[in-house]
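Dumped run-v9.cif below, it's mmCIF, C-alpha atoms and all ligand atoms:
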```cif
data_work
loop_
_atom_site.group_PDB
_atom_site.id
_atom_site.type_symbol
_atom_site.label_atom_id
_atom_site.label_comp_id
_atom_site.auth_asym_id
_atom_site.auth_seq_id
_atom_site.Cartn_x
_atom_site.Cartn_y
_atom_site.Cartn_z
ATOM 1 C CA MET A 1 66.298 97.072 96.195
ATOM 2 C CA ASN A 2 67.501 97.350 92.605
ATOM 3 C CA LEU A 3 70.841 95.661 91.861
ATOM 4 C CA SER A 4 70.246 95.717 88.112
ATOM 5 C CA LEU A 5 72.762 97.474 85.882
ATOM 6 C CA ALA A 6 70.563 97.390 82.772
ATOM 7 C CA GLY A 7 71.187 100.540 80.735
ATOM 8 C CA GLN A 8 74.590 101.158 82.366
ATOM 9 C CA VAL A 9 77.992 101.089 80.671
ATOM 10 C CA ALA A 10 80.779 99.837 82.935
ATOM 11 C CA LEU A 11 84.538 100.104 82.393
ATOM 12 C CA VAL A 12 86.744 97.674 84.328
ATOM 13 C CA THR A 13 90.529 98.125 84.442
ATOM 14 C CA GLY A 14 92.752 95.064 84.681
ATOM 15 C CA ALA A 15 89.880 92.993 83.258
ATOM 16 C CA ASN A 16 91.981 90.298 81.556
ATOM 17 C CA GLY A 17 92.312 87.974 84.555
ATOM 18 C CA GLY A 18 92.049 87.606 88.326
ATOM 19 C CA LEU A 19 89.481 89.755 90.092
ATOM 20 C CA GLY A 20 89.057 92.190 87.187
ATOM 21 C CA ALA A 21 87.791 89.500 84.796
ATOM 22 C CA HIS A 22 85.426 88.269 87.494
ATOM 23 C CA PHE A 23 84.147 91.802 88.195
ATOM 24 C CA ALA A 24 83.536 92.385 84.474
ATOM 25 C CA GLU A 25 81.550 89.148 84.172
ATOM 26 C CA THR A 26 79.535 89.993 87.299
ATOM 27 C CA LEU A 27 78.626 93.461 85.982
ATOM 28 C CA ALA A 28 77.683 91.993 82.589
ATOM 29 C CA LYS A 29 75.426 89.392 84.250
ATOM 30 C CA ALA A 30 73.703 92.260 86.095
ATOM 31 C CA GLY A 31 72.909 93.835 82.701
ATOM 32 C CA ALA A 32 75.712 96.358 82.120
ATOM 33 C CA LYS A 33 77.485 96.678 78.794
ATOM 34 C CA VAL A 34 81.130 96.277 79.762
ATOM 35 C CA ALA A 35 84.320 97.859 78.412
ATOM 36 C CA LEU A 36 87.212 95.572 79.362
ATOM 37 C CA VAL A 37 90.573 97.308 79.570
ATOM 38 C CA ALA A 38 94.174 96.294 80.345
ATOM 39 C CA ARG A 39 97.495 96.330 78.528
ATOM 40 C CA ARG A 40 97.347 92.715 77.253
ATOM 41 C CA VAL A 41 94.460 92.665 74.789
ATOM 42 C CA ASP A 42 94.744 88.989 73.788
ATOM 43 C CA SER A 43 93.623 87.835 77.222
ATOM 44 C CA LEU A 44 90.938 90.559 77.297
ATOM 45 C CA ALA A 45 89.458 88.980 74.162
ATOM 46 C CA GLU A 46 89.017 85.659 76.018
ATOM 47 C CA VAL A 47 87.061 87.340 78.819
ATOM 48 C CA ALA A 48 84.979 89.314 76.306
ATOM 49 C CA ALA A 49 84.161 86.083 74.453
ATOM 50 C CA ARG A 50 82.956 84.469 77.702
ATOM 51 C CA ILE A 51 80.694 87.462 78.392
ATOM 52 C CA ARG A 52 79.266 87.407 74.862
ATOM 53 C CA SER A 53 78.641 83.659 74.947
ATOM 54 C CA ALA A 54 76.668 84.166 78.170
ATOM 55 C CA GLY A 55 74.483 86.714 76.335
ATOM 56 C CA GLY A 56 76.200 89.900 77.560
ATOM 57 C CA THR A 57 77.786 92.835 75.749
ATOM 58 C CA ALA A 58 81.535 93.425 75.997
ATOM 59 C CA HIS A 59 84.088 95.534 74.167
ATOM 60 C CA GLU A 60 87.827 95.115 74.760
ATOM 61 C CA LEU A 61 90.297 97.995 74.597
ATOM 62 C CA ALA A 62 94.005 98.469 75.317
ATOM 63 C CA LEU A 63 94.633 100.821 78.214
ATOM 64 C CA ASP A 64 97.732 101.574 80.245
ATOM 65 C CA VAL A 65 96.715 103.417 83.418
ATOM 66 C CA THR A 66 100.170 105.036 83.613
ATOM 67 C CA ARG A 67 99.554 107.016 80.389
ATOM 68 C CA ARG A 68 97.095 109.907 80.207
ATOM 69 C CA ASP A 69 96.651 109.637 76.402
ATOM 70 C CA SER A 70 95.788 105.945 76.730
ATOM 71 C CA VAL A 71 93.191 106.629 79.449
ATOM 72 C CA VAL A 72 91.581 109.503 77.515
ATOM 73 C CA SER A 73 91.280 107.531 74.289
ATOM 74 C CA ALA A 74 89.931 104.416 76.073
ATOM 75 C CA PHE A 75 87.020 106.433 77.531
ATOM 76 C CA ASP A 76 86.311 107.989 74.120
ATOM 77 C CA ASP A 77 86.482 104.586 72.383
ATOM 78 C CA ALA A 78 84.281 102.927 75.035
ATOM 79 C CA ALA A 79 81.678 105.694 74.641
ATOM 80 C CA ARG A 80 81.690 105.310 70.854
ATOM 81 C CA ALA A 81 81.286 101.522 71.083
ATOM 82 C CA LEU A 82 78.871 101.183 74.012
ATOM 83 C CA GLY A 83 77.675 104.646 75.080
ATOM 84 C CA PRO A 84 78.880 106.974 77.872
ATOM 85 C CA VAL A 85 80.570 105.160 80.755
ATOM 86 C CA THR A 86 78.518 105.368 83.982
ATOM 87 C CA VAL A 87 80.244 102.740 86.155
ATOM 88 C CA VAL A 88 84.013 102.364 86.640
ATOM 89 C CA VAL A 89 85.811 99.629 88.537
ATOM 90 C CA ASN A 90 89.353 100.817 89.196
ATOM 91 C CA ASN A 91 90.850 97.356 89.634
ATOM 92 C CA ALA A 92 94.298 97.410 87.929
ATOM 93 C CA GLY A 93 96.923 96.893 90.601
ATOM 94 C CA ILE A 94 100.426 95.538 91.130
ATOM 95 C CA ALA A 95 102.681 94.694 94.071
ATOM 96 C CA VAL A 96 106.428 94.474 94.583
ATOM 97 C CA THR A 97 107.300 92.185 97.481
ATOM 98 C CA LYS A 98 110.662 93.280 98.883
ATOM 99 C CA PRO A 99 111.899 94.489 102.262
ATOM 100 C CA LEU A 100 111.671 98.227 102.861
ATOM 101 C CA LEU A 101 115.468 98.599 102.804
ATOM 102 C CA GLU A 102 115.691 96.953 99.380
ATOM 103 C CA HIS A 103 112.871 98.871 97.721
ATOM 104 C CA THR A 104 114.280 100.865 94.790
ATOM 105 C CA GLU A 105 113.033 104.162 93.382
ATOM 106 C CA GLU A 106 111.751 102.181 90.413
ATOM 107 C CA ASP A 107 109.827 99.684 92.606
ATOM 108 C CA TRP A 108 108.169 102.544 94.462
ATOM 109 C CA GLU A 109 107.319 104.528 91.313
ATOM 110 C CA GLN A 110 105.899 101.453 89.578
ATOM 111 C CA VAL A 111 103.564 100.436 92.390
ATOM 112 C CA VAL A 112 102.400 103.942 93.302
ATOM 113 C CA GLY A 113 102.213 104.784 89.585
ATOM 114 C CA VAL A 114 99.674 102.031 88.884
ATOM 115 C CA ASN A 115 97.795 101.640 92.185
ATOM 116 C CA LEU A 116 97.420 105.292 93.125
ATOM 117 C CA THR A 117 98.294 107.643 90.264
ATOM 118 C CA GLY A 118 96.812 105.273 87.661
ATOM 119 C CA ALA A 119 93.600 104.862 89.650
ATOM 120 C CA TRP A 120 93.396 108.660 90.101
ATOM 121 C CA ARG A 121 93.902 109.204 86.351
ATOM 122 C CA VAL A 122 91.142 106.726 85.450
ATOM 123 C CA ALA A 123 88.733 108.021 88.112
ATOM 124 C CA GLN A 124 89.331 111.658 87.166
ATOM 125 C CA GLU A 125 88.748 110.987 83.459
ATOM 126 C CA ALA A 126 85.615 108.954 84.317
ATOM 127 C CA ALA A 127 84.317 111.768 86.502
ATOM 128 C CA ARG A 128 84.950 114.378 83.796
ATOM 129 C CA HIS A 129 82.753 112.361 81.401
ATOM 130 C CA MET A 130 80.048 111.690 84.015
ATOM 131 C CA VAL A 131 79.902 115.386 84.938
ATOM 132 C CA SER A 132 79.979 116.783 81.411
ATOM 133 C CA ASN A 133 77.432 114.217 80.140
ATOM 134 C CA LYS A 134 75.280 114.923 83.232
ATOM 135 C CA THR A 135 74.745 111.170 83.672
ATOM 136 C CA GLY A 136 76.278 110.884 87.139
ATOM 137 C CA GLY A 137 77.755 107.493 87.884
ATOM 138 C CA SER A 138 79.531 105.177 90.287
ATOM 139 C CA ILE A 139 83.284 104.702 90.686
ATOM 140 C CA VAL A 140 84.443 101.690 92.689
ATOM 141 C CA ASN A 141 88.115 101.734 93.654
ATOM 142 C CA ILE A 142 89.586 98.345 94.499
ATOM 143 C CA ALA A 143 91.712 99.002 97.564
ATOM 144 C CA SER A 144 92.774 96.290 100.044
ATOM 145 C CA ILE A 145 92.766 95.675 103.768
ATOM 146 C CA LEU A 146 96.457 96.552 103.412
ATOM 147 C CA GLY A 147 95.269 100.135 102.955
ATOM 148 C CA LEU A 148 93.873 99.909 106.482
ATOM 149 C CA ARG A 149 96.561 97.816 108.194
ATOM 150 C CA VAL A 150 100.121 96.910 107.221
ATOM 151 C CA SER A 151 102.108 93.839 106.333
ATOM 152 C CA ALA A 152 105.867 93.427 105.963
ATOM 153 C CA GLN A 153 107.716 93.590 102.637
ATOM 154 C CA VAL A 154 105.068 95.494 100.689
ATOM 155 C CA PRO A 155 105.624 99.119 101.796
ATOM 156 C CA SER A 156 104.808 100.655 98.397
ATOM 157 C CA TYR A 157 101.650 98.534 98.111
ATOM 158 C CA VAL A 158 100.275 99.398 101.579
ATOM 159 C CA ALA A 159 101.050 103.103 101.076
ATOM 160 C CA SER A 160 99.393 103.142 97.635
ATOM 161 C CA LYS A 161 96.237 101.418 98.904
ATOM 162 C CA ALA A 162 95.975 103.675 101.976
ATOM 163 C CA ALA A 163 96.265 106.705 99.709
ATOM 164 C CA LEU A 164 93.667 105.237 97.346
ATOM 165 C CA ILE A 165 91.226 105.053 100.264
ATOM 166 C CA GLN A 166 91.832 108.735 101.076
ATOM 167 C CA LEU A 167 91.483 109.611 97.376
ATOM 168 C CA THR A 168 88.140 107.768 97.341
ATOM 169 C CA LYS A 169 86.859 109.988 100.157
ATOM 170 C CA ALA A 170 88.249 113.195 98.613
ATOM 171 C CA MET A 171 86.609 112.401 95.271
ATOM 172 C CA ALA A 172 83.311 111.480 96.944
ATOM 173 C CA LEU A 173 83.264 114.861 98.678
ATOM 174 C CA GLU A 174 83.751 116.913 95.520
ATOM 175 C CA LEU A 175 81.656 114.800 93.158
ATOM 176 C CA ALA A 176 78.511 114.194 95.231
ATOM 177 C CA ARG A 177 76.857 117.353 93.856
ATOM 178 C CA HIS A 178 77.309 115.922 90.347
ATOM 179 C CA LYS A 179 75.602 112.646 91.318
ATOM 180 C CA VAL A 180 78.889 110.744 90.979
ATOM 181 C CA ARG A 181 79.437 108.302 93.848
ATOM 182 C CA VAL A 182 82.936 107.096 94.731
ATOM 183 C CA ASN A 183 83.456 104.136 97.057
ATOM 184 C CA ALA A 184 86.147 101.556 97.762
ATOM 185 C CA LEU A 185 86.160 97.802 98.228
ATOM 186 C CA ALA A 186 88.839 96.574 100.614
ATOM 187 C CA PRO A 187 89.221 92.820 100.123
ATOM 188 C CA GLY A 188 91.350 90.587 102.271
ATOM 189 C CA TYR A 189 92.936 87.534 100.658
ATOM 190 C CA VAL A 190 90.879 86.334 97.721
ATOM 191 C CA GLU A 191 91.812 83.220 95.775
ATOM 192 C CA THR A 192 92.490 83.776 92.080
ATOM 193 C CA GLY A 193 94.443 81.707 89.556
ATOM 194 C CA ILE A 194 97.611 83.604 90.371
ATOM 195 C CA ASN A 195 97.743 82.968 94.141
ATOM 196 C CA ARG A 196 95.995 79.577 94.417
ATOM 197 C CA GLU A 197 99.302 77.686 94.565
ATOM 198 C CA PHE A 198 100.568 79.978 97.331
ATOM 199 C CA PHE A 199 97.494 79.407 99.505
ATOM 200 C CA ASP A 200 97.959 75.627 99.113
ATOM 201 C CA SER A 201 101.587 75.891 100.323
ATOM 202 C CA ASP A 202 102.725 75.659 103.983
ATOM 203 C CA ALA A 203 103.351 79.433 104.109
ATOM 204 C CA GLY A 204 99.928 80.071 102.626
ATOM 205 C CA GLN A 205 98.229 77.719 105.075
ATOM 206 C CA ALA A 206 99.997 79.442 107.989
ATOM 207 C CA LEU A 207 98.584 82.733 106.786
ATOM 208 C CA VAL A 208 95.077 81.284 106.444
ATOM 209 C CA LYS A 209 95.196 80.254 110.133
ATOM 210 C CA ARG A 210 95.383 83.959 111.081
ATOM 211 C CA ILE A 211 92.095 84.714 109.278
ATOM 212 C CA PRO A 212 89.184 84.385 111.760
ATOM 213 C CA GLN A 213 87.086 82.507 109.172
ATOM 214 C CA ARG A 214 90.116 80.181 108.592
ATOM 215 C CA ARG A 215 89.846 80.432 104.821
ATOM 216 C CA VAL A 216 90.577 82.785 101.947
ATOM 217 C CA GLY A 217 87.689 84.393 100.111
ATOM 218 C CA SER A 218 86.359 83.509 96.710
ATOM 219 C CA PRO A 219 85.836 86.225 94.049
ATOM 220 C CA THR A 220 82.077 85.554 94.102
ATOM 221 C CA GLU A 221 82.005 86.706 97.737
ATOM 222 C CA LEU A 222 82.793 90.250 96.517
ATOM 223 C CA ASP A 223 79.835 90.316 94.099
ATOM 224 C CA GLY A 224 77.194 91.569 96.537
ATOM 225 C CA ALA A 225 79.277 94.547 97.634
ATOM 226 C CA LEU A 226 80.362 95.343 94.078
ATOM 227 C CA LEU A 227 76.788 95.330 92.779
ATOM 228 C CA LEU A 228 75.535 97.305 95.765
ATOM 229 C CA LEU A 229 78.100 100.059 95.180
ATOM 230 C CA ALA A 230 77.754 100.032 91.374
ATOM 231 C CA SER A 231 73.948 100.068 91.232
ATOM 232 C CA ASP A 232 71.085 102.248 92.465
ATOM 233 C CA ALA A 233 70.784 99.947 95.480
ATOM 234 C CA GLY A 234 73.769 101.880 96.844
ATOM 235 C CA SER A 235 72.417 105.318 95.916
ATOM 236 C CA TYR A 236 73.115 106.831 99.365
ATOM 237 C CA ALA A 237 76.620 105.316 99.671
ATOM 238 C CA THR A 238 79.533 107.558 98.786
ATOM 239 C CA GLY A 239 82.972 107.853 100.355
ATOM 240 C CA SER A 240 82.535 104.465 102.006
ATOM 241 C CA VAL A 241 85.054 101.647 102.331
ATOM 242 C CA PHE A 242 83.511 98.179 102.232
ATOM 243 C CA VAL A 243 85.757 95.577 103.920
ATOM 244 C CA LEU A 244 85.409 91.920 102.845
ATOM 245 C CA ASP A 245 88.099 89.913 104.604
ATOM 246 C CA GLY A 246 86.736 87.014 106.669
ATOM 247 C CA GLY A 247 87.377 89.070 109.811
ATOM 248 C CA GLN A 248 91.097 89.555 109.244
ATOM 249 C CA LEU A 249 91.035 93.274 110.026
ATOM 250 C CA VAL A 250 89.423 92.792 113.417
ATOM 251 C CA ASN A 251 91.909 90.089 114.378
ATOM 252 C CA THR A 252 94.554 91.764 116.533
ATOM 253 C CA LEU A 253 96.828 88.690 116.711
HETATM 254 P P1 LIG A 301 96.180 90.359 88.947
HETATM 255 O O1 LIG A 301 95.525 89.083 88.599
HETATM 256 O O2 LIG A 301 97.674 90.446 89.024
HETATM 257 O O3 LIG A 301 95.643 91.472 87.925
HETATM 258 C C1 LIG A 301 96.191 92.745 87.836
HETATM 259 C C2 LIG A 301 95.581 93.422 86.617
HETATM 260 O O4 LIG A 301 96.095 94.761 86.528
HETATM 261 C C3 LIG A 301 95.920 92.716 85.316
HETATM 262 O O5 LIG A 301 94.745 92.602 84.570
HETATM 263 C C4 LIG A 301 96.889 93.677 84.618
HETATM 264 O O6 LIG A 301 96.731 93.602 83.205
HETATM 265 C C5 LIG A 301 96.403 95.014 85.181
HETATM 266 N N1 LIG A 301 97.432 96.052 85.102
HETATM 267 C C6 LIG A 301 98.657 96.062 85.692
HETATM 268 N N2 LIG A 301 99.325 97.170 85.327
HETATM 269 C C7 LIG A 301 98.501 97.884 84.509
HETATM 270 C C8 LIG A 301 98.620 99.098 83.802
HETATM 271 N N3 LIG A 301 99.753 99.846 83.835
HETATM 272 N N4 LIG A 301 97.573 99.536 83.056
HETATM 273 C C9 LIG A 301 96.435 98.803 82.990
HETATM 274 N N5 LIG A 301 96.256 97.641 83.617
HETATM 275 C C10 LIG A 301 97.290 97.185 84.370
HETATM 276 O O7 LIG A 301 95.649 90.920 90.359
HETATM 277 P P2 LIG A 301 94.342 90.541 91.219
HETATM 278 O O8 LIG A 301 94.757 89.645 92.323
HETATM 279 O O9 LIG A 301 93.211 90.146 90.337
HETATM 280 O O10 LIG A 301 94.066 91.972 91.885
HETATM 281 C C11 LIG A 301 93.182 92.928 91.281
HETATM 282 C C12 LIG A 301 93.047 94.122 92.230
HETATM 283 O O11 LIG A 301 92.540 93.682 93.485
HETATM 284 C C13 LIG A 301 94.384 94.834 92.535
HETATM 285 O O12 LIG A 301 94.163 96.225 92.624
HETATM 286 C C14 LIG A 301 94.771 94.266 93.891
HETATM 287 O O13 LIG A 301 95.610 95.139 94.610
HETATM 288 C C15 LIG A 301 93.391 94.117 94.524
HETATM 289 N N6 LIG A 301 93.348 93.118 95.618
HETATM 290 C C16 LIG A 301 93.545 91.802 95.352
HETATM 291 C C17 LIG A 301 93.469 90.875 96.399
HETATM 292 C C18 LIG A 301 93.645 89.402 96.167
HETATM 293 O O14 LIG A 301 93.700 88.654 97.154
HETATM 294 N N7 LIG A 301 93.725 88.941 94.931
HETATM 295 C C19 LIG A 301 93.214 91.323 97.698
HETATM 296 C C20 LIG A 301 93.040 92.685 97.933
HETATM 297 C C21 LIG A 301 93.086 93.576 96.875
HETATM 298 P P3 LIG A 301 97.936 93.942 82.168
HETATM 299 O O15 LIG A 301 99.211 93.475 82.826
HETATM 300 O O16 LIG A 301 97.592 93.242 80.914
HETATM 301 O O17 LIG A 301 97.878 95.432 81.983
#
```

Hey, can you dump this file as structure tokens for me?
Ligand code: NAP
Amino acid sequence: MNLSLAGQVALVTGANGGLGAHFAETLAKAGAKVALVARRVDSLAEVAARIRSAGGTAHELALDVTRRDSVVSAFDDAARALGPVTVVVNNAGIAVTKPLLEHTEEDWEQVVGVNLTGAWRVAQEAARHMVSNKTGGSIVNIASILGLRVSAQVPSYVASKAALIQLTKAMALELARHKVRVNALAPGYVETGINREFFDSDAGQALVKRIPQRRVGSPTELDGALLLLASDAGSYATGSVFVLDGGQLVNTL
């Protein structure tokens, strides 16, 4: 089994913190040259510096997934700096937590605009390059178990992630003949800097009790699945959804 990404160029959206920064560092450790993209470039530079000081290759670029021109130029710039992109982690994502009846048009458009339309825009541009360069490649969409079940107060988020899972399958179907694989990771609750305080709170602890493993995941527990899907080890996997959630999805309570 070959989990190495030596010779690959990976582009990770939302790579300036949280899971995206972790994914970028994981891909770099596996040997990929990594293009780090997000809107806030100052924090991208910190992640890129960590990758370089560990001996990896990283290039940071501004990208707003809601703008086609930004996506197109980021792929061109990444190719000029590192070579053609062959692995994409579609990680940028946002949530608005509000009851259904209070969700505004703007809330809906924002969440669907980043999580679904933005991910589609990035994946489509990636696929155009992979097909025209005849390199093939691997696209990993970061969905969520909330694309497979629902939770209150995040209707736009659950709808966007469910649609992202269907988009993953639709893209896999059309792109297989071009040797482009498209898969999704569906994490449950994973502790990052942003939510650590919440999981330490009473409300957070109550939620943890409903997870069969009685704990939230750590970003490193997504590494195996990410590397499997990104590398040749996952060469026969396309259109799949890999759930990593401590058993939360099979808990009917
Ligand atoms: P996070 O820390 O809030 O990171 C979100 C990232 O998305 C940031 O880097 C942000 O950078 C980027 N982003 C937002 N809007 C963007 C835009 N218009 N263009 C480009 N980048 C944009 O979130 P996270 O917890 O690491 O989550 C990462 C992904 O995992 C999301 O898709 C989320 O739905 C999914 N997920 C997370 C968990 C979890 O427990 N953490 C569980 C399941 C799924 P800028 O603001 O600088 O652009």

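The spacing separating atom C18 of ligand LIG 301 (chain A) from CA of Glu191 (chain A) amounts to 6.5 Å.
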
Which protein, DNA or RNA residues have an atom within 6 Å of ligand LIG 301 (chain A), counting only C-alpha atoms and all ligand atoms, as a ChimeraX atom specification?
/A:13-20,38-40,63-66,91-94,114,142-144,187-191

Store the residues picked out above in a file with C-alpha atoms, as an mmCIF file, in the coordinates of the input.
```cif
data_model
loop_
_atom_site.group_PDB
_atom_site.id
_atom_site.type_symbol
_atom_site.label_atom_id
_atom_site.label_comp_id
_atom_site.auth_asym_id
_atom_site.auth_seq_id
_atom_site.Cartn_x
_atom_site.Cartn_y
_atom_site.Cartn_z
ATOM 1 C CA THR A 13 90.529 98.125 84.442
ATOM 2 C CA GLY A 14 92.752 95.064 84.681
ATOM 3 C CA ALA A 15 89.880 92.993 83.258
ATOM 4 C CA ASN A 16 91.981 90.298 81.556
ATOM 5 C CA GLY A 17 92.312 87.974 84.555
ATOM 6 C CA GLY A 18 92.049 87.606 88.326
ATOM 7 C CA LEU A 19 89.481 89.755 90.092
ATOM 8 C CA GLY A 20 89.057 92.190 87.187
ATOM 9 C CA ALA A 38 94.174 96.294 80.345
ATOM 10 C CA ARG A 39 97.495 96.330 78.528
ATOM 11 C CA ARG A 40 97.347 92.715 77.253
ATOM 12 C CA LEU A 63 94.633 100.821 78.214
ATOM 13 C CA ASP A 64 97.732 101.574 80.245
ATOM 14 C CA VAL A 65 96.715 103.417 83.418
ATOM 15 C CA THR A 66 100.170 105.036 83.613
ATOM 16 C CA ASN A 91 90.850 97.356 89.634
ATOM 17 C CA ALA A 92 94.298 97.410 87.929
ATOM 18 C CA GLY A 93 96.923 96.893 90.601
ATOM 19 C CA ILE A 94 100.426 95.538 91.130
ATOM 20 C CA VAL A 114 99.674 102.031 88.884
ATOM 21 C CA ILE A 142 89.586 98.345 94.499
ATOM 22 C CA ALA A 143 91.712 99.002 97.564
ATOM 23 C CA SER A 144 92.774 96.290 100.044
ATOM 24 C CA PRO A 187 89.221 92.820 100.123
ATOM 25 C CA GLY A 188 91.350 90.587 102.271
ATOM 26 C CA TYR A 189 92.936 87.534 100.658
ATOM 27 C CA VAL A 190 90.879 86.334 97.721
ATOM 28 C CA GLU A 191 91.812 83.220 95.775
#
```

Please write the residues picked by the PyMOL selection byres (((chain A and resi 244) around 7) and not hetatm) on this file as number ranges by chain.
A: 186-188, 242-243, 245-246

Evaluate the PyMOL selection byres (((chain A and resi 159) around 10) and not hetatm) here and jot the selected residues down as number ranges by chain.
A: 108, 111-112, 115-116, 146-150, 154-158, 160-164

Quick one: residues within 6 Å of Arg181 (chain A), all atoms listed in the file counted, chain neighbours fewer than 4 positions away excluded, as a VMD selection string?
chain A and resid 138 172 238

Here's the selection I'm unsure about, the PyMOL selection byres (((chain A and resi 225) around 12) and not hetatm); applied to the file above, which residues does it give, as an MDAnalysis selection string?
chainID A and resid 3 23 26:27 140 142 183:187 219:224 226:231 233:234 237 240:244

Would you output that residue set with C-alpha atoms, as an mmCIF file, keeping the file's coordinate frame?
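That gives us again.cif:
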```
data_model
loop_
_atom_site.group_PDB
_atom_site.id
_atom_site.type_symbol
_atom_site.label_atom_id
_atom_site.label_comp_id
_atom_site.auth_asym_id
_atom_site.auth_seq_id
_atom_site.Cartn_x
_atom_site.Cartn_y
_atom_site.Cartn_z
ATOM 1 C CA LEU A 3 70.841 95.661 91.861
ATOM 2 C CA PHE A 23 84.147 91.802 88.195
ATOM 3 C CA THR A 26 79.535 89.993 87.299
ATOM 4 C CA LEU A 27 78.626 93.461 85.982
ATOM 5 C CA VAL A 140 84.443 101.690 92.689
ATOM 6 C CA ILE A 142 89.586 98.345 94.499
ATOM 7 C CA ASN A 183 83.456 104.136 97.057
ATOM 8 C CA ALA A 184 86.147 101.556 97.762
ATOM 9 C CA LEU A 185 86.160 97.802 98.228
ATOM 10 C CA ALA A 186 88.839 96.574 100.614
ATOM 11 C CA PRO A 187 89.221 92.820 100.123
ATOM 12 C CA PRO A 219 85.836 86.225 94.049
ATOM 13 C CA THR A 220 82.077 85.554 94.102
ATOM 14 C CA GLU A 221 82.005 86.706 97.737
ATOM 15 C CA LEU A 222 82.793 90.250 96.517
ATOM 16 C CA ASP A 223 79.835 90.316 94.099
ATOM 17 C CA GLY A 224 77.194 91.569 96.537
ATOM 18 C CA LEU A 226 80.362 95.343 94.078
ATOM 19 C CA LEU A 227 76.788 95.330 92.779
ATOM 20 C CA LEU A 228 75.535 97.305 95.765
ATOM 21 C CA LEU A 229 78.100 100.059 95.180
ATOM 22 C CA ALA A 230 77.754 100.032 91.374
ATOM 23 C CA SER A 231 73.948 100.068 91.232
ATOM 24 C CA ALA A 233 70.784 99.947 95.480
ATOM 25 C CA GLY A 234 73.769 101.880 96.844
ATOM 26 C CA ALA A 237 76.620 105.316 99.671
ATOM 27 C CA SER A 240 82.535 104.465 102.006
ATOM 28 C CA VAL A 241 85.054 101.647 102.331
ATOM 29 C CA PHE A 242 83.511 98.179 102.232
ATOM 30 C CA VAL A 243 85.757 95.577 103.920
ATOM 31 C CA LEU A 244 85.409 91.920 102.845
#
```

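Remark: for Val47 (chain A), the closest of the candidate residues A:Val12, A:Ala206, A:Leu82, A:Leu101 is A:Val12 (distances computed over all atoms listed in the file).
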
Just the residues within 12 Å of Arg80 (chain A), please, counting only C-alpha atoms, with nothing from its chain fewer than 5 positions along; format it as an MDAnalysis selection string.
chainID A and resid 9 35 59 61 73:75 85

Mind rebuilding region 28-39 of chain A with N, CA and C atoms and writing that out as a compact mmCIF listing (two decimals), keeping the file's coordinate frame?
```
# COMPACT_ATOMS: atom_id res chain seq x y z
N ALA A 28 78.40 92.35 83.82
CA ALA A 28 77.68 91.99 82.59
C ALA A 28 76.45 91.15 82.91
N LYS A 29 76.59 90.22 83.87
CA LYS A 29 75.43 89.39 84.25
C LYS A 29 74.32 90.25 84.85
N ALA A 30 74.71 91.36 85.49
CA ALA A 30 73.70 92.26 86.10
C ALA A 30 73.10 93.19 85.05
N GLY A 31 73.55 93.08 83.78
CA GLY A 31 72.91 93.84 82.70
C GLY A 31 73.71 94.98 82.12
N ALA A 32 74.91 95.25 82.68
CA ALA A 32 75.71 96.36 82.12
C ALA A 32 76.39 95.92 80.82
N LYS A 33 76.56 96.89 79.92
CA LYS A 33 77.48 96.68 78.79
C LYS A 33 78.86 96.98 79.37
N VAL A 34 79.86 96.14 79.05
CA VAL A 34 81.13 96.28 79.76
C VAL A 34 82.30 96.53 78.82
N ALA A 35 83.05 97.60 79.10
CA ALA A 35 84.32 97.86 78.41
C ALA A 35 85.42 97.23 79.26
N LEU A 36 86.15 96.28 78.66
CA LEU A 36 87.21 95.57 79.36
C LEU A 36 88.53 96.21 78.96
N VAL A 37 89.31 96.66 79.93
CA VAL A 37 90.57 97.31 79.57
C VAL A 37 91.74 96.76 80.39
N ALA A 38 92.89 96.70 79.74
CA ALA A 38 94.17 96.29 80.34
C ALA A 38 95.22 96.49 79.25
N ARG A 39 96.48 96.19 79.57
CA ARG A 39 97.50 96.33 78.53
C ARG A 39 97.49 95.13 77.58
```
